[in-house]
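Below is one structure, written out as structure tokens; the observations come after it.
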Amino acid sequence: MVVVAVAGGTGDLGQLIVDSLLATGKHVVYSLTRRAPASAHLTTGPNGKQYSTIVQTDYMEEKAITAILEERSVHTVICALNVDFEDVSNAQLRLIRAAAATTCVRRFAPSEFNVDYDLPDSVLPYPEKRFHVAARREIEKTMLEYTYFCCGMFMDYYGMPRIKSPLRPMYSILDLQHNIIYIPGDGSATMAVTMANDVGRYVAAAVDLPEWPRVLNIIGSQLIVKHLADLAIEARKPQQVHVEWYPIQQYLDHKVPTLPSNEPIIHHFPGGEPQLRALLCDLDAAVGLGAYDIAHVEGSRNLVEVLGDSVEKPMSIEKMMEMVWGQV
């Protein structure tokens with residue numbers, strides 16, 4: 001048994017990780033959250049004693065964060081904050097320094113759950129990656145054991161809106177609600193796709209590993225973009241699917257249209273549709289340029305292979321497509 005603290009543990013992915021950790025029955029698990037809890041969120045630990053899983057912090061004072069971790073003898077910190085904003089990025093940096101200042105924290109996993117953020121702009125044209133890079137450089141200065149969890153694209157996005165997912169809706173490449181597919185480049189780029197639920201389960205299982213490599217990959221399926229499109233087309237038969245191919249440069253210029261199912265989320269972006277379009281174009285450009293081919297990231301190990309049959313295998317893209325979009 002170890003004590004695990006999940007920063008952002010009440011958020012989309014964070015809650016999945018917390019629930020998966022609690023489901024093992026092996027660990028004491030705390031959710032670090034900015035918001036005051038509406039209830040105590042009591043659970044029973046491995047020692048049979050009840051405790052509240054929720055711990056409030058504003059992440060503003062490093063000494064206060066250190067005290068929170070020390071008081072609970074936290075061994076492992078997993079960050080699931082959405083660090084695509086400067087204030088949240090700074091919160092993660094303070095959390096890293098606070099954890100390093102404790103006498104109890106031994107492991108830290110920064111908020112990643114995507115691709116190798118050290119890739120150059122020519123492969124990963126994503127401006128907000130600088131926040132992830134800053135966290136990497138900060139943790140590499142410490143004596144903490146760390147790992148970067150990489151899972152590629154969340155497969156959930158290709159099952160929306162039909163699939164049950166804690167993730168917020170977003171439509172990239174596939175919009176099967178409208179039977180539209182936009183393919184970046186020639187469709188030959190390889191990408192990894194993984195269900196968010198599977199990421200939560202494998203992250204929880206990784207806590208038990210005797211040592212953490214620099215990168216732990218969690219891959220449900222690895223395939224080329226054209227094969228993803230072919231699976232979608234096959235699943236939607238006999239309905240017709242409209243496919244358009246766009247050159248990578250058009251994505252880099254933010255000139256590729258936004259898929260129609262994204263319309264309801266435009267209001268979440270202060271810059272409106274142009275801001276959302278820029279985000280999605282950068283994302284799909286990264287796919288087309290090969291950033292989501294995570295299987296061969298330097299220093300990585302495949303967590304699915306490492307854990308073998310001790311953990312239920314992740315869902316494949318073939319199974320998800322047929323289950324969600326196949327015709328009855």
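Residue numbers start at 1 in each chain; chains themselves are named A, B, ... in the order of the structure tokens; ligands are numbered from 1 in the order shown.
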
Selection near Asp156 in chain A, 10 Å with only C-alpha atoms, sequence-local residues under 6 positions removed, as a VMD selection string: chain A and resid 162 to 170 193 to 197 317 320

Residues from last step as file, all heavy atoms, as a CSV table (one decimal), in the first residue's frame:
chain,number,residue,atom,x,y,z
A,162,ARG,N,-22.1,9.2,-29.1
A,162,ARG,CA,-22.8,8.0,-28.7
A,162,ARG,C,-22.2,7.3,-27.5
A,162,ARG,O,-22.8,6.7,-26.7
A,162,ARG,CB,-22.9,6.9,-29.8
A,162,ARG,CG,-23.8,7.4,-31.0
A,162,ARG,CD,-24.0,6.2,-32.0
A,162,ARG,NE,-24.9,6.6,-33.0
A,162,ARG,CZ,-25.3,5.7,-34.0
A,162,ARG,NH1,-24.8,4.5,-34.0
A,162,ARG,NH2,-26.1,6.1,-34.9
A,163,ILE,N,-20.8,7.4,-27.4
A,163,ILE,CA,-20.1,6.7,-26.4
A,163,ILE,C,-20.2,7.4,-25.1
A,163,ILE,O,-20.2,8.6,-25.0
A,163,ILE,CB,-18.7,6.4,-26.8
A,163,ILE,CG1,-18.0,5.3,-26.1
A,163,ILE,CG2,-17.8,7.7,-26.7
A,163,ILE,CD1,-16.7,4.8,-26.7
A,164,LYS,N,-20.3,6.6,-24.0
A,164,LYS,CA,-20.2,7.2,-22.7
A,164,LYS,C,-18.8,7.5,-22.3
A,164,LYS,O,-17.9,6.7,-22.3
A,164,LYS,CB,-20.8,6.2,-21.6
A,164,LYS,CG,-20.9,6.8,-20.2
A,164,LYS,CD,-21.5,5.8,-19.3
A,164,LYS,CE,-21.6,6.4,-17.8
A,164,LYS,NZ,-22.1,5.4,-16.9
A,165,SER,N,-18.5,8.8,-22.0
A,165,SER,CA,-17.2,9.2,-21.7
A,165,SER,C,-17.2,10.4,-20.8
A,165,SER,O,-18.1,11.3,-20.9
A,165,SER,CB,-16.5,9.6,-23.0
A,165,SER,OG,-15.2,10.2,-22.8
A,166,PRO,N,-16.2,10.5,-19.9
A,166,PRO,CA,-16.1,11.6,-19.0
A,166,PRO,C,-15.5,12.8,-19.7
A,166,PRO,O,-15.5,14.0,-19.2
A,166,PRO,CB,-15.2,11.1,-17.9
A,166,PRO,CG,-14.3,10.2,-18.6
A,166,PRO,CD,-15.1,9.5,-19.6
A,167,LEU,N,-14.9,12.6,-20.9
A,167,LEU,CA,-14.3,13.7,-21.6
A,167,LEU,C,-15.3,14.7,-22.3
A,167,LEU,O,-16.4,14.2,-22.7
A,167,LEU,CB,-13.4,13.2,-22.7
A,167,LEU,CG,-12.3,12.2,-22.3
A,167,LEU,CD1,-11.5,11.7,-23.5
A,167,LEU,CD2,-11.4,12.8,-21.2
A,168,ARG,N,-14.9,15.9,-22.4
A,168,ARG,CA,-15.8,16.9,-23.0
A,168,ARG,C,-15.8,16.7,-24.5
A,168,ARG,O,-14.8,16.3,-25.1
A,168,ARG,CB,-15.3,18.3,-22.7
A,168,ARG,CG,-15.3,18.6,-21.2
A,168,ARG,CD,-14.7,19.9,-20.8
A,168,ARG,NE,-14.5,20.0,-19.4
A,168,ARG,CZ,-14.0,21.0,-18.7
A,168,ARG,NH1,-13.5,22.1,-19.5
A,168,ARG,NH2,-13.9,21.0,-17.4
A,169,PRO,N,-16.9,16.9,-25.1
A,169,PRO,CA,-17.0,16.6,-26.6
A,169,PRO,C,-16.1,17.4,-27.4
A,169,PRO,O,-15.8,18.6,-27.1
A,169,PRO,CB,-18.5,17.0,-26.9
A,169,PRO,CG,-19.2,16.9,-25.6
A,169,PRO,CD,-18.2,17.3,-24.6
A,170,MET,N,-15.5,16.8,-28.4
A,170,MET,CA,-14.6,17.4,-29.4
A,170,MET,C,-14.5,16.5,-30.6
A,170,MET,O,-14.4,15.3,-30.4
A,170,MET,CB,-13.3,17.7,-28.8
A,170,MET,CG,-12.4,18.5,-29.8
A,170,MET,SD,-10.7,18.9,-29.0
A,170,MET,CE,-10.0,17.2,-29.2
A,193,VAL,N,-4.3,5.3,-30.3
A,193,VAL,CA,-5.6,5.7,-29.8
A,193,VAL,C,-6.0,4.8,-28.6
A,193,VAL,O,-5.7,3.6,-28.6
A,193,VAL,CB,-6.8,5.6,-30.8
A,193,VAL,CG1,-6.6,6.7,-31.9
A,193,VAL,CG2,-6.8,4.2,-31.5
A,194,THR,N,-6.5,5.4,-27.5
A,194,THR,CA,-6.7,4.7,-26.3
A,194,THR,C,-7.9,5.2,-25.6
A,194,THR,O,-8.1,6.5,-25.5
A,194,THR,CB,-5.5,4.8,-25.3
A,194,THR,OG1,-4.3,4.5,-26.1
A,194,THR,CG2,-5.6,3.8,-24.2
A,195,MET,N,-8.8,4.4,-25.1
A,195,MET,CA,-9.9,4.8,-24.3
A,195,MET,C,-9.5,5.4,-23.0
A,195,MET,O,-8.6,4.9,-22.3
A,195,MET,CB,-10.9,3.6,-24.0
A,195,MET,CG,-11.6,3.1,-25.3
A,195,MET,SD,-12.8,4.4,-25.9
A,195,MET,CE,-13.9,4.5,-24.6
A,196,ALA,N,-10.2,6.5,-22.6
A,196,ALA,CA,-9.9,7.2,-21.3
A,196,ALA,C,-10.0,6.2,-20.1
A,196,ALA,O,-9.2,6.3,-19.2
A,196,ALA,CB,-10.7,8.4,-21.2
A,197,ASN,N,-11.0,5.4,-20.1
A,197,ASN,CA,-11.2,4.4,-19.0
A,197,ASN,C,-10.0,3.5,-18.9
A,197,ASN,O,-9.6,3.2,-17.8
A,197,ASN,CB,-12.5,3.6,-19.2
A,197,ASN,CG,-13.7,4.3,-18.8
A,197,ASN,OD1,-13.7,5.0,-17.8
A,197,ASN,ND2,-14.8,4.2,-19.5
A,317,ILE,N,-9.6,-0.2,-31.3
A,317,ILE,CA,-10.4,0.7,-32.2
A,317,ILE,C,-11.5,0.0,-33.0
A,317,ILE,O,-12.6,0.4,-33.2
A,317,ILE,CB,-9.5,1.6,-33.0
A,317,ILE,CG1,-10.3,2.6,-33.8
A,317,ILE,CG2,-8.7,0.7,-34.0
A,317,ILE,CD1,-10.9,3.7,-33.0
A,320,MET,N,-14.4,-0.8,-30.7
A,320,MET,CA,-15.2,0.4,-30.4
A,320,MET,C,-16.0,0.9,-31.5
A,320,MET,O,-17.2,1.2,-31.4
A,320,MET,CB,-14.2,1.5,-29.9
A,320,MET,CG,-14.9,2.8,-29.4
A,320,MET,SD,-15.6,3.9,-30.6
A,320,MET,CE,-14.1,4.6,-31.2

Residue set, range 246-322 of chain A restricted to alpha helix (DSSP H), as a count of residues only: 34

Test item, strand (DSSP E) assignment across range 146-259 of chain A, answer as number ranges by chain: A: 146, 148-150, 153-154, 174-175, 180-184, 190-194, 215-217, 221-224, 242-246

Near range 9-23 of chain A, 12 Å: range 45-146 of chain A residue rows, closest pairs, only C-alpha atoms, as JSON lines:
{"residue": "A:Gly45", "atom": "CA", "partner": "A:Leu22", "partner_atom": "CA", "distance": 8.5}
{"residue": "A:Pro46", "atom": "CA", "partner": "A:Leu22", "partner_atom": "CA", "distance": 9.5}
{"residue": "A:Thr53", "atom": "CA", "partner": "A:Val18", "partner_atom": "CA", "distance": 9.2}
{"residue": "A:Ile54", "atom": "CA", "partner": "A:Gly9", "partner_atom": "CA", "distance": 8.5}
{"residue": "A:Val55", "atom": "CA", "partner": "A:Gly9", "partner_atom": "CA", "distance": 9.7}
{"residue": "A:Gln56", "atom": "CA", "partner": "A:Gly9", "partner_atom": "CA", "distance": 10.8}
{"residue": "A:Thr57", "atom": "CA", "partner": "A:Gly9", "partner_atom": "CA", "distance": 11.9}
{"residue": "A:Thr76", "atom": "CA", "partner": "A:Leu21", "partner_atom": "CA", "distance": 11.8}
{"residue": "A:Val77", "atom": "CA", "partner": "A:Gly9", "partner_atom": "CA", "distance": 10.8}
{"residue": "A:Ile78", "atom": "CA", "partner": "A:Gly14", "partner_atom": "CA", "distance": 8.7}
{"residue": "A:Cys79", "atom": "CA", "partner": "A:Gly14", "partner_atom": "CA", "distance": 7.8}
{"residue": "A:Ala80", "atom": "CA", "partner": "A:Gly14", "partner_atom": "CA", "distance": 5.1}
{"residue": "A:Leu81", "atom": "CA", "partner": "A:Gly14", "partner_atom": "CA", "distance": 7.6}
{"residue": "A:Asn82", "atom": "CA", "partner": "A:Gly11", "partner_atom": "CA", "distance": 8.8}
{"residue": "A:Pro110", "atom": "CA", "partner": "A:Gly14", "partner_atom": "CA", "distance": 12.0}
{"residue": "A:Ser111", "atom": "CA", "partner": "A:Gly14", "partner_atom": "CA", "distance": 9.8}
{"residue": "A:Glu112", "atom": "CA", "partner": "A:Leu13", "partner_atom": "CA", "distance": 11.0}
{"residue": "A:Phe113", "atom": "CA", "partner": "A:Leu13", "partner_atom": "CA", "distance": 9.3}
{"residue": "A:Asn114", "atom": "CA", "partner": "A:Leu13", "partner_atom": "CA", "distance": 11.9}

For Tyr59 in chain A, the nearest of the candidates A:Ala286, A:Val256, A:Ala98, A:Ala192, counting only C-alpha atoms: A:Ala98

Nearest-residue call for Pro127 in chain A, choices A:Ile265, A:Asp84, A:Tyr202, A:Tyr51, using only C-alpha atoms: A:Asp84

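Between CA of Pro213 in chain A and CA of Val306 in chain A lies a distance of 11.2 Å.
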
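A straight line drawn from CA of Cys151 in chain A to CA of Ile219 in chain A is 5.6 Å long.
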